[in-house]
Amino acid sequence: MSKPSDFDVIVIGGGPAGMMAAGRAAGRGKSVLLLDTNEILGRKLLISGKGRCNLTNAGNIDEYLENFDKTGPFLRDAFSRMPHNDLMDFFEKRGIALTVERGRRVFPESGRSKDILEALKRHLKESGVKVILKSEVKDIAINSDGAKKVILDGGAEYAARSVAICTGGLSYPETGSRGFGFRMAEKLGHTVIAPRPALVPLVTESRLPRTWQGISLKNAEAAVISEGRKKAERFGDMLFTHFGLSGPIILDLSSRVHDFLIRRKDVYISINLKPALDKARLNERLIREFSGHSGKALKKVLKKILPLKMIDGFIKLCGLDPDVKANQVTKSQRQCLIEKLTDLRFKIKAVRPIEEAIVTKGGVDTKEINPRTMESRLVKGLFFAGEVIDVNAKTGGYNMQAAFSTGYVCGDSL
């Protein structure tokens with residue numbers, strides 16, 4: 001076995017949190033080793049935002065915390081130390097032009113996540129971080145005096161006084177997020193809140209959404225219904241898929257859906273296709289359309305109301321023939337159409353596997369981490385940053401900012 005090589009700091013995990021932590025620590029004059037199991041850094045970053053990298057959100061800190069779950073307040077210090085405008089400055093100073101899009105989502109102007117990754121890699125190189133790729137960590141050993149030794153599968157050992165675990169959760173395991181950080185945290189005495197999927201698509205019992213595969217809805221409203229009551233709702237974009245429902249508002253609601261499913265409660269997603277109109281105004285709209293095109297088939301009249309591929313299946317939900325003439329639609333049938341337009345309801349059978357989730361809900365208990373430093377309260381010199389911590393948010397750049405902010409605070413404290 002080779003003799004351990006000494007560093008001030010070892011960072012395990014080359015995602016946004018790990019790269020930021022390593023770069024910040026090295027910038028403070030620390031000798032830093034960054035280890036990553038992949039053949040390249042930032043594999044998950046490259047696929048984020050559909051390859052465009054929604055790296056942050058331009059909202060204020062209070063809006064940020066509102067978009068996180070109950071553990072969100074843990075991040076207040078991190079967001080104060082590395083807010084979104086500082087993160088934007090970080091990339092703009094490295095030649096990356098940024099753009100703010102709908103919902104204050106921030107992307108590289110080029111639309112390429114690769115540009116964000118290249119800026120981070122340049123930062124690591126300029127800071128003097130030593131990077132070793134394809135390095136599977138087998139264990140972390142801690143001596144009685146607090147010195148730490150990171151042991152790789154191949155037998156190599158690296159020693160340091162401080163170690164940061166930035167290995168992500170369980171989502172997208174092909175990017176390297178395979179739960180190492182959770183296992184190691186537990187081995188070192190930490191509580192790990194059970195990992196479960198967050199920001200994940202939903203599987204419907206009905207096959208109807210599958211016939212609408214690929215149809216994207218803009219400005220729709222979706223609500224979680226369970227025990228006869230509305231539990232949560234979101235407004236925005238969604239998508240029908242080969243298994244059910246996806247898209248930003250569905251992903252945002254998925255965690256609540258999962259909570260009901262694990263409690264064995266029936267749960268539905270109710271979709272309001274026309275949230276800008278109440279039922280009375282929608283009724284007036286249909287009467288006007290039917291009167292103005294009385295001799296046309298219903299499916300042709302509804303072209304102004306619904307995406308073309310949805311129309312036949314939607315009409316059949318009300319027991320109507322798509323070819324029925326508009327002037328033959330009865331009042332009760334029109335009311336059925338209105339009900340379906342405002343409450344298109346699907347029973348949810350399951351969420352997709354955690355491997356397909358954008359982020360992992362759960363992780364190292366925030367009560368065991370100092371929010372001002374990201375250092376373990378149980379093991380001196382052990383730090384955590386990013387998705388390995390039990391914090392998660394809605395879509396919109398918040399989770400990526402949390403990774404960068406916790407990584408920065410971690411690197412500033414290592």
# chains A, B, ... in the order shown; residues from 1 in each chain; ligands from 1
$ residues_around --residues "Gly181 in chain A" --least-positions-apart "5" --cutoff "9 Å" --atoms "only C-alpha atoms" --output "number ranges by chain"
A: 12, 165-169, 186, 363-364, 384, 388
$ select_by_dssp --residues "range 96-216 of chain A" --states "strand (DSSP E or B)" --output "PyMOL selection string"
chain A and resi 98-101+105-108+130-132+137-142+148-152+157-165+192-198+202-204+216
$ write_last_selection --atoms "N, CA and C atoms" --output "compact mmCIF listing (two decimals), in the first residue's frame"
# COMPACT_ATOMS: atom_id res chain seq x y z
N LEU A 98 -24.60 35.87 -18.72
CA LEU A 98 -25.77 35.21 -18.15
C LEU A 98 -27.04 35.92 -18.59
N THR A 99 -28.14 35.20 -18.55
CA THR A 99 -29.44 35.78 -18.89
C THR A 99 -30.47 35.33 -17.88
N VAL A 100 -31.40 36.25 -17.55
CA VAL A 100 -32.48 35.94 -16.60
C VAL A 100 -33.75 35.71 -17.40
N GLU A 101 -34.35 34.54 -17.23
CA GLU A 101 -35.53 34.17 -18.00
C GLU A 101 -36.77 34.14 -17.11
N ARG A 105 -35.29 32.65 -13.53
CA ARG A 105 -34.28 31.60 -13.68
C ARG A 105 -33.08 32.15 -14.43
N VAL A 106 -31.90 31.82 -13.95
CA VAL A 106 -30.66 32.34 -14.55
C VAL A 106 -29.94 31.22 -15.30
N PHE A 107 -29.60 31.49 -16.56
CA PHE A 107 -28.91 30.54 -17.43
C PHE A 107 -27.70 31.21 -18.07
N PRO A 108 -26.73 30.43 -18.52
CA PRO A 108 -25.69 31.02 -19.37
C PRO A 108 -26.34 31.48 -20.68
N LYS A 130 -5.52 20.14 -6.84
CA LYS A 130 -5.12 18.88 -7.50
C LYS A 130 -6.37 18.04 -7.68
N VAL A 131 -6.64 17.61 -8.90
CA VAL A 131 -7.85 16.83 -9.22
C VAL A 131 -7.45 15.41 -9.62
N ILE A 132 -8.07 14.44 -9.01
CA ILE A 132 -7.88 13.04 -9.42
C ILE A 132 -9.24 12.47 -9.77
N VAL A 137 -13.83 6.27 -3.75
CA VAL A 137 -13.45 6.28 -2.34
C VAL A 137 -14.06 5.07 -1.64
N LYS A 138 -13.23 4.33 -0.96
CA LYS A 138 -13.67 3.14 -0.24
C LYS A 138 -14.01 3.45 1.21
N ASP A 139 -13.22 4.34 1.83
CA ASP A 139 -13.42 4.56 3.26
C ASP A 139 -12.76 5.88 3.68
N ILE A 140 -13.24 6.40 4.81
CA ILE A 140 -12.59 7.53 5.48
C ILE A 140 -12.27 7.07 6.90
N ALA A 141 -11.00 7.09 7.23
CA ALA A 141 -10.56 6.69 8.58
C ALA A 141 -10.14 7.92 9.35
N ILE A 142 -10.51 7.97 10.64
CA ILE A 142 -10.17 9.11 11.48
C ILE A 142 -9.35 8.64 12.67
N LYS A 148 -7.33 12.64 9.29
CA LYS A 148 -8.20 11.81 8.47
C LYS A 148 -7.44 11.21 7.30
N LYS A 149 -7.85 10.03 6.92
CA LYS A 149 -7.23 9.32 5.81
C LYS A 149 -8.33 8.85 4.87
N VAL A 150 -8.24 9.25 3.61
CA VAL A 150 -9.20 8.82 2.59
C VAL A 150 -8.57 7.67 1.82
N ILE A 151 -9.27 6.56 1.79
CA ILE A 151 -8.74 5.33 1.18
C ILE A 151 -9.53 5.02 -0.08
N LEU A 152 -8.84 4.86 -1.20
CA LEU A 152 -9.47 4.56 -2.48
C LEU A 152 -9.55 3.05 -2.70
N GLU A 157 -3.92 6.00 -0.60
CA GLU A 157 -4.39 6.70 0.58
C GLU A 157 -3.94 8.16 0.54
N TYR A 158 -4.81 9.04 1.01
CA TYR A 158 -4.50 10.47 1.07
C TYR A 158 -4.92 10.98 2.44
N ALA A 159 -4.04 11.72 3.09
CA ALA A 159 -4.29 12.21 4.44
C ALA A 159 -4.56 13.71 4.44
N ALA A 160 -5.40 14.14 5.39
CA ALA A 160 -5.71 15.56 5.54
C ALA A 160 -6.30 15.80 6.91
N ARG A 161 -6.25 17.05 7.37
CA ARG A 161 -6.90 17.42 8.62
C ARG A 161 -8.38 17.63 8.42
N SER A 162 -8.78 18.06 7.21
CA SER A 162 -10.19 18.34 6.93
C SER A 162 -10.64 17.59 5.68
N VAL A 163 -11.84 17.03 5.74
CA VAL A 163 -12.43 16.32 4.60
C VAL A 163 -13.85 16.83 4.40
N ALA A 164 -14.20 17.13 3.16
CA ALA A 164 -15.55 17.56 2.81
C ALA A 164 -16.22 16.51 1.93
N ILE A 165 -17.41 16.08 2.34
CA ILE A 165 -18.19 15.12 1.55
C ILE A 165 -19.22 15.92 0.74
N VAL A 192 -28.95 10.06 9.00
CA VAL A 192 -29.31 10.34 7.61
C VAL A 192 -30.82 10.19 7.45
N ILE A 193 -31.49 11.29 7.13
CA ILE A 193 -32.93 11.25 6.86
C ILE A 193 -33.14 10.41 5.60
N ALA A 194 -34.07 9.46 5.67
CA ALA A 194 -34.25 8.49 4.57
C ALA A 194 -34.35 9.17 3.21
N PRO A 195 -33.46 8.84 2.28
CA PRO A 195 -33.50 9.44 0.94
C PRO A 195 -34.76 9.01 0.18
N ARG A 196 -35.37 9.96 -0.51
CA ARG A 196 -36.53 9.67 -1.34
C ARG A 196 -36.56 10.66 -2.50
N PRO A 197 -37.31 10.36 -3.54
CA PRO A 197 -37.26 11.22 -4.72
C PRO A 197 -37.95 12.55 -4.53
N ALA A 198 -37.37 13.60 -5.05
CA ALA A 198 -37.99 14.93 -5.13
C ALA A 198 -37.78 15.46 -6.54
N LEU A 202 -44.55 11.75 -12.42
CA LEU A 202 -45.59 10.95 -11.79
C LEU A 202 -46.17 9.94 -12.78
N VAL A 203 -46.51 8.77 -12.26
CA VAL A 203 -47.12 7.70 -13.06
C VAL A 203 -48.61 7.68 -12.78
N THR A 204 -49.43 7.78 -13.82
CA THR A 204 -50.89 7.79 -13.65
C THR A 204 -51.47 6.39 -13.85
N SER A 216 -47.05 19.59 -24.40
CA SER A 216 -46.66 20.49 -23.32
C SER A 216 -47.74 21.54 -23.14
$ residues_around --residues "Ala220 in chain A" --least-positions-apart "4" --cutoff "10 Å" --atoms "only C-alpha atoms" --output "list in words"
Ser216, Arg234, Phe235, Gly236, Asp237, Met238, Ile249, Ile271, Asn272, Leu273, Lys274, Pro275, Ala276 and Thr342 of chain A
$ write_last_selection --atoms "N, CA and C atoms" --output "mmCIF file, in the first residue's frame"
data_model
loop_
_atom_site.group_PDB
_atom_site.id
_atom_site.type_symbol
_atom_site.label_atom_id
_atom_site.label_comp_id
_atom_site.auth_asym_id
_atom_site.auth_seq_id
_atom_site.Cartn_x
_atom_site.Cartn_y
_atom_site.Cartn_z
ATOM 1 N N SER A 216 -47.053 19.587 -24.399
ATOM 2 C CA SER A 216 -46.658 20.493 -23.321
ATOM 3 C C SER A 216 -47.742 21.544 -23.137
ATOM 4 N N ARG A 234 -49.807 24.393 -8.023
ATOM 5 C CA ARG A 234 -48.775 25.156 -8.714
ATOM 6 C C ARG A 234 -49.323 25.630 -10.062
ATOM 7 N N PHE A 235 -48.788 26.759 -10.520
ATOM 8 C CA PHE A 235 -49.168 27.319 -11.822
ATOM 9 C C PHE A 235 -47.928 27.405 -12.696
ATOM 10 N N GLY A 236 -48.079 26.990 -13.960
ATOM 11 C CA GLY A 236 -46.950 27.067 -14.887
ATOM 12 C C GLY A 236 -47.051 26.037 -15.984
ATOM 13 N N ASP A 237 -45.914 25.423 -16.313
ATOM 14 C CA ASP A 237 -45.837 24.503 -17.455
ATOM 15 C C ASP A 237 -45.811 23.056 -16.987
ATOM 16 N N MET A 238 -46.373 22.181 -17.810
ATOM 17 C CA MET A 238 -46.337 20.746 -17.535
ATOM 18 C C MET A 238 -46.280 19.980 -18.845
ATOM 19 N N ILE A 249 -44.302 22.175 -12.972
ATOM 20 C CA ILE A 249 -45.275 22.227 -11.865
ATOM 21 C C ILE A 249 -45.552 20.838 -11.307
ATOM 22 N N ILE A 271 -55.876 18.967 -13.005
ATOM 23 C CA ILE A 271 -55.298 19.948 -13.924
ATOM 24 C C ILE A 271 -56.390 20.904 -14.391
ATOM 25 N N ASN A 272 -56.163 22.186 -14.159
ATOM 26 C CA ASN A 272 -57.046 23.222 -14.700
ATOM 27 C C ASN A 272 -56.403 23.735 -15.975
ATOM 28 N N LEU A 273 -57.008 23.390 -17.109
ATOM 29 C CA LEU A 273 -56.441 23.756 -18.405
ATOM 30 C C LEU A 273 -56.674 25.217 -18.759
ATOM 31 N N LYS A 274 -57.623 25.860 -18.079
ATOM 32 C CA LYS A 274 -57.968 27.258 -18.368
ATOM 33 C C LYS A 274 -58.070 28.066 -17.079
ATOM 34 N N PRO A 275 -56.971 28.177 -16.335
ATOM 35 C CA PRO A 275 -57.036 28.847 -15.031
ATOM 36 C C PRO A 275 -57.350 30.336 -15.103
ATOM 37 N N ALA A 276 -57.202 30.947 -16.277
ATOM 38 C CA ALA A 276 -57.491 32.383 -16.401
ATOM 39 C C ALA A 276 -58.990 32.663 -16.480
ATOM 40 N N THR A 342 -61.574 22.400 -16.297
ATOM 41 C CA THR A 342 -61.131 23.032 -15.057
ATOM 42 C C THR A 342 -60.689 22.026 -13.996
#
$ closest_residue --among "A:Val409, A:Leu45, A:Trp212, A:Ile225" --to "Asp312 in chain A" --atoms "only C-alpha atoms"
A:Trp212
$ select_by_dssp --residues "range 147-321 of chain A" --states "alpha helix (DSSP H)" --output "PyMOL selection string"
chain A and resi 180-187+208-211+248-262+279-292+298-301+311-317
$ write_last_selection --atoms "N, CA and C atoms" --output "compact mmCIF listing (two decimals), in the first residue's frame"
# COMPACT_ATOMS: atom_id res chain seq x y z
N PHE A 180 -22.80 7.24 -1.65
CA PHE A 180 -21.60 7.08 -0.83
C PHE A 180 -21.62 8.01 0.38
N GLY A 181 -22.00 9.26 0.15
CA GLY A 181 -21.98 10.24 1.23
C GLY A 181 -22.90 9.86 2.37
N PHE A 182 -24.07 9.29 2.04
CA PHE A 182 -25.00 8.86 3.08
C PHE A 182 -24.39 7.72 3.90
N ARG A 183 -23.83 6.75 3.19
CA ARG A 183 -23.25 5.59 3.88
C ARG A 183 -22.08 6.01 4.78
N MET A 184 -21.24 6.91 4.27
CA MET A 184 -20.09 7.33 5.05
C MET A 184 -20.52 8.20 6.24
N ALA A 185 -21.51 9.05 6.05
CA ALA A 185 -22.00 9.87 7.15
C ALA A 185 -22.54 9.00 8.28
N GLU A 186 -23.29 7.96 7.93
CA GLU A 186 -23.82 7.04 8.94
C GLU A 186 -22.69 6.30 9.65
N LYS A 187 -21.71 5.87 8.86
CA LYS A 187 -20.58 5.15 9.46
C LYS A 187 -19.84 6.02 10.49
N LEU A 208 -54.68 7.50 -20.49
CA LEU A 208 -54.97 8.63 -21.36
C LEU A 208 -53.80 9.60 -21.49
N PRO A 209 -53.13 9.98 -20.38
CA PRO A 209 -51.98 10.90 -20.55
C PRO A 209 -50.91 10.35 -21.49
N ARG A 210 -50.81 9.02 -21.55
CA ARG A 210 -49.78 8.42 -22.41
C ARG A 210 -50.11 8.62 -23.88
N THR A 211 -51.41 8.69 -24.20
CA THR A 211 -51.81 8.96 -25.59
C THR A 211 -51.51 10.41 -25.97
N PRO A 248 -42.33 21.24 -15.01
CA PRO A 248 -41.99 21.97 -13.78
C PRO A 248 -43.03 21.92 -12.67
N ILE A 249 -44.30 22.18 -12.97
CA ILE A 249 -45.28 22.23 -11.86
C ILE A 249 -45.55 20.84 -11.31
N ILE A 250 -45.46 19.82 -12.14
CA ILE A 250 -45.65 18.44 -11.65
C ILE A 250 -44.47 18.04 -10.77
N LEU A 251 -43.27 18.38 -11.20
CA LEU A 251 -42.09 18.08 -10.40
C LEU A 251 -42.16 18.75 -9.04
N ASP A 252 -42.62 20.00 -9.01
CA ASP A 252 -42.73 20.72 -7.74
C ASP A 252 -43.72 20.05 -6.78
N LEU A 253 -44.74 19.42 -7.34
CA LEU A 253 -45.77 18.79 -6.51
C LEU A 253 -45.43 17.35 -6.14
N SER A 254 -44.43 16.79 -6.78
CA SER A 254 -44.17 15.35 -6.65
C SER A 254 -43.82 14.92 -5.23
N SER A 255 -43.14 15.77 -4.49
CA SER A 255 -42.76 15.40 -3.13
C SER A 255 -44.00 15.22 -2.26
N ARG A 256 -44.97 16.13 -2.41
CA ARG A 256 -46.22 16.00 -1.65
C ARG A 256 -46.97 14.73 -2.06
N VAL A 257 -46.99 14.46 -3.36
CA VAL A 257 -47.64 13.24 -3.85
C VAL A 257 -47.00 12.01 -3.23
N HIS A 258 -45.67 11.99 -3.23
CA HIS A 258 -44.95 10.85 -2.67
C HIS A 258 -45.28 10.65 -1.19
N ASP A 259 -45.41 11.75 -0.46
CA ASP A 259 -45.74 11.65 0.97
C ASP A 259 -47.08 10.94 1.18
N PHE A 260 -48.05 11.24 0.35
CA PHE A 260 -49.36 10.59 0.47
C PHE A 260 -49.30 9.12 0.05
N LEU A 261 -48.54 8.84 -1.00
CA LEU A 261 -48.43 7.46 -1.47
C LEU A 261 -47.79 6.55 -0.44
N ILE A 262 -46.73 7.02 0.24
CA ILE A 262 -46.08 6.16 1.23
C ILE A 262 -46.96 5.97 2.46
N LYS A 279 -65.59 29.34 -14.28
CA LYS A 279 -66.52 28.48 -15.02
C LYS A 279 -67.57 29.27 -15.78
N ALA A 280 -68.04 30.37 -15.22
CA ALA A 280 -69.05 31.17 -15.91
C ALA A 280 -68.49 31.76 -17.20
N ARG A 281 -67.30 32.31 -17.14
CA ARG A 281 -66.69 32.89 -18.35
C ARG A 281 -66.32 31.80 -19.35
N LEU A 282 -65.93 30.64 -18.85
CA LEU A 282 -65.62 29.53 -19.74
C LEU A 282 -66.88 29.05 -20.45
N ASN A 283 -67.98 29.03 -19.73
CA ASN A 283 -69.27 28.66 -20.32
C ASN A 283 -69.64 29.65 -21.43
N GLU A 284 -69.45 30.95 -21.17
CA GLU A 284 -69.74 31.96 -22.19
C GLU A 284 -68.86 31.77 -23.42
N ARG A 285 -67.59 31.42 -23.17
CA ARG A 285 -66.66 31.19 -24.28
C ARG A 285 -67.11 30.02 -25.14
N LEU A 286 -67.52 28.92 -24.52
CA LEU A 286 -67.96 27.75 -25.28
C LEU A 286 -69.24 28.05 -26.05
N ILE A 287 -70.18 28.74 -25.41
CA ILE A 287 -71.43 29.09 -26.10
C ILE A 287 -71.12 29.93 -27.34
N ARG A 288 -70.21 30.87 -27.18
CA ARG A 288 -69.83 31.75 -28.31
C ARG A 288 -69.18 30.94 -29.42
N GLU A 289 -68.27 30.04 -29.07
CA GLU A 289 -67.60 29.21 -30.08
C GLU A 289 -68.59 28.28 -30.77
N PHE A 290 -69.48 27.65 -29.99
CA PHE A 290 -70.44 26.71 -30.56
C PHE A 290 -71.44 27.43 -31.47
N SER A 291 -71.85 28.65 -31.06
CA SER A 291 -72.81 29.40 -31.87
C SER A 291 -72.18 29.88 -33.17
N GLY A 292 -70.94 30.28 -33.09
CA GLY A 292 -70.26 30.80 -34.27
C GLY A 292 -69.84 29.72 -35.25
N LEU A 298 -67.46 19.02 -33.25
CA LEU A 298 -66.98 19.51 -31.97
C LEU A 298 -65.45 19.51 -31.92
N LYS A 299 -64.82 18.49 -32.47
CA LYS A 299 -63.36 18.40 -32.41
C LYS A 299 -62.68 19.55 -33.15
N LYS A 300 -63.36 20.07 -34.18
CA LYS A 300 -62.80 21.20 -34.91
C LYS A 300 -63.00 22.51 -34.17
N VAL A 301 -64.12 22.63 -33.49
CA VAL A 301 -64.40 23.85 -32.72
C VAL A 301 -63.42 23.98 -31.56
N ILE A 311 -57.58 16.61 -28.27
CA ILE A 311 -59.01 16.85 -28.41
C ILE A 311 -59.85 15.58 -28.42
N ASP A 312 -59.52 14.58 -29.24
CA ASP A 312 -60.36 13.38 -29.33
C ASP A 312 -60.49 12.69 -27.97
N GLY A 313 -59.36 12.46 -27.30
CA GLY A 313 -59.40 11.80 -26.00
C GLY A 313 -60.15 12.60 -24.97
N PHE A 314 -59.98 13.92 -25.01
CA PHE A 314 -60.66 14.79 -24.05
C PHE A 314 -62.18 14.72 -24.24
N ILE A 315 -62.62 14.79 -25.47
CA ILE A 315 -64.07 14.75 -25.75
C ILE A 315 -64.68 13.43 -25.30
N LYS A 316 -63.95 12.35 -25.52
CA LYS A 316 -64.47 11.03 -25.14
C LYS A 316 -64.61 10.87 -23.63
N LEU A 317 -63.86 11.66 -22.85
CA LEU A 317 -64.01 11.62 -21.40
C LEU A 317 -65.43 12.00 -20.98
$ residues_around --residues "Asp266 in chain A" --least-positions-apart "6" --cutoff "9 Å" --atoms "only C-alpha atoms" --output "ChimeraX atom specification"
/A:225-227,260,347-349
$ closest_residue --among "A:Ser135, A:Ser48, A:Asn67, A:Thr330" --to "Met400 in chain A" --atoms "only C-alpha atoms"
A:Ser48
$ residues_around --residues "Gly95 in chain A" --least-positions-apart "4" --cutoff "10 Å" --atoms "only C-alpha atoms" --output "PyMOL selection string"
chain A and resi 89-91+115-116+119
$ write_last_selection --atoms "C-alpha atoms" --output "compact mmCIF listing (two decimals), in the first residue's frame"
# COMPACT_ATOMS: atom_id res chain seq x y z
CA ASP A 89 -20.56 37.83 -10.54
CA PHE A 90 -18.35 34.77 -10.07
CA PHE A 91 -19.24 33.46 -13.53
CA ASP A 115 -19.62 26.82 -20.35
CA ILE A 116 -20.44 26.85 -16.62
CA ALA A 119 -15.44 28.22 -15.88
$ closest_residue --among "A:Ser80, A:Ser294, A:Ser206, A:Ser144" --to "Leu65 in chain A" --atoms "only C-alpha atoms"
A:Ser80
$ atom_distance --atom1 "CA of Asn143 in chain A" --atom2 "CA of Glu375 in chain A"
17.6 Å
$ closest_residue --among "A:Glu233, A:Ala393, A:Asp343, A:Thr56" --to "Asp278 in chain A" --atoms "only C-alpha atoms"
A:Asp343
$ decode --residues "range 115-169 of chain A" --atoms "C-alpha atoms" --output "PDB file, in the first residue's frame"
ATOM      1  CA  ASP A 115     -19.623  26.824 -20.351  1.00  0.00           C
ATOM      2  CA  ILE A 116     -20.441  26.852 -16.623  1.00  0.00           C
ATOM      3  CA  LEU A 117     -18.390  23.702 -16.104  1.00  0.00           C
ATOM      4  CA  GLU A 118     -15.416  25.064 -18.025  1.00  0.00           C
ATOM      5  CA  ALA A 119     -15.440  28.219 -15.879  1.00  0.00           C
ATOM      6  CA  LEU A 120     -15.390  26.090 -12.723  1.00  0.00           C
ATOM      7  CA  LYS A 121     -12.561  23.946 -14.066  1.00  0.00           C
ATOM      8  CA  ARG A 122     -10.512  27.060 -14.869  1.00  0.00           C
ATOM      9  CA  HIS A 123     -11.148  28.272 -11.318  1.00  0.00           C
ATOM     10  CA  LEU A 124      -9.830  24.996  -9.899  1.00  0.00           C
ATOM     11  CA  LYS A 125      -6.725  25.125 -12.060  1.00  0.00           C
ATOM     12  CA  GLU A 126      -5.982  28.768 -11.272  1.00  0.00           C
ATOM     13  CA  SER A 127      -6.466  28.088  -7.540  1.00  0.00           C
ATOM     14  CA  GLY A 128      -4.040  25.166  -7.632  1.00  0.00           C
ATOM     15  CA  VAL A 129      -6.477  22.371  -6.780  1.00  0.00           C
ATOM     16  CA  LYS A 130      -5.120  18.885  -7.496  1.00  0.00           C
ATOM     17  CA  VAL A 131      -7.848  16.832  -9.219  1.00  0.00           C
ATOM     18  CA  ILE A 132      -7.879  13.045  -9.422  1.00  0.00           C
ATOM     19  CA  LEU A 133     -10.668  11.522 -11.515  1.00  0.00           C
ATOM     20  CA  LYS A 134     -11.914   7.926 -11.673  1.00  0.00           C
ATOM     21  CA  SER A 135     -11.144   7.664  -7.966  1.00  0.00           C
ATOM     22  CA  GLU A 136     -13.673   5.539  -6.064  1.00  0.00           C
ATOM     23  CA  VAL A 137     -13.446   6.276  -2.342  1.00  0.00           C
ATOM     24  CA  LYS A 138     -13.675   3.143  -0.241  1.00  0.00           C
ATOM     25  CA  ASP A 139     -13.421   4.564   3.259  1.00  0.00           C
ATOM     26  CA  ILE A 140     -12.593   7.528   5.476  1.00  0.00           C
ATOM     27  CA  ALA A 141     -10.561   6.685   8.576  1.00  0.00           C
ATOM     28  CA  ILE A 142     -10.173   9.111  11.481  1.00  0.00           C
ATOM     29  CA  ASN A 143      -7.299   8.863  13.938  1.00  0.00           C
ATOM     30  CA  SER A 144      -7.578   9.617  17.646  1.00  0.00           C
ATOM     31  CA  ASP A 145      -5.908  13.004  17.072  1.00  0.00           C
ATOM     32  CA  GLY A 146      -8.479  13.947  14.413  1.00  0.00           C
ATOM     33  CA  ALA A 147      -6.285  13.352  11.353  1.00  0.00           C
ATOM     34  CA  LYS A 148      -8.204  11.807   8.467  1.00  0.00           C
ATOM     35  CA  LYS A 149      -7.230   9.323   5.806  1.00  0.00           C
ATOM     36  CA  VAL A 150      -9.203   8.818   2.593  1.00  0.00           C
ATOM     37  CA  ILE A 151      -8.740   5.333   1.182  1.00  0.00           C
ATOM     38  CA  LEU A 152      -9.473   4.557  -2.477  1.00  0.00           C
ATOM     39  CA  ASP A 153     -10.616   1.249  -3.926  1.00  0.00           C
ATOM     40  CA  GLY A 154      -7.254   0.731  -5.596  1.00  0.00           C
ATOM     41  CA  GLY A 155      -5.416   1.055  -2.287  1.00  0.00           C
ATOM     42  CA  ALA A 156      -4.112   4.622  -2.580  1.00  0.00           C
ATOM     43  CA  GLU A 157      -4.389   6.699   0.585  1.00  0.00           C
ATOM     44  CA  TYR A 158      -4.502  10.468   1.073  1.00  0.00           C
ATOM     45  CA  ALA A 159      -4.291  12.211   4.440  1.00  0.00           C
ATOM     46  CA  ALA A 160      -5.714  15.563   5.538  1.00  0.00           C
ATOM     47  CA  ARG A 161      -6.897  17.419   8.624  1.00  0.00           C
ATOM     48  CA  SER A 162     -10.192  18.337   6.925  1.00  0.00           C
ATOM     49  CA  VAL A 163     -12.432  16.320   4.599  1.00  0.00           C
ATOM     50  CA  ALA A 164     -15.553  17.562   2.813  1.00  0.00           C
ATOM     51  CA  ILE A 165     -18.193  15.125   1.551  1.00  0.00           C
ATOM     52  CA  CYS A 166     -19.912  16.655  -1.488  1.00  0.00           C
ATOM     53  CA  THR A 167     -21.057  13.477  -3.227  1.00  0.00           C
ATOM     54  CA  GLY A 168     -24.694  14.310  -3.977  1.00  0.00           C
ATOM     55  CA  GLY A 169     -27.674  12.066  -3.303  1.00  0.00           C
TER      56      GLY A 169
END
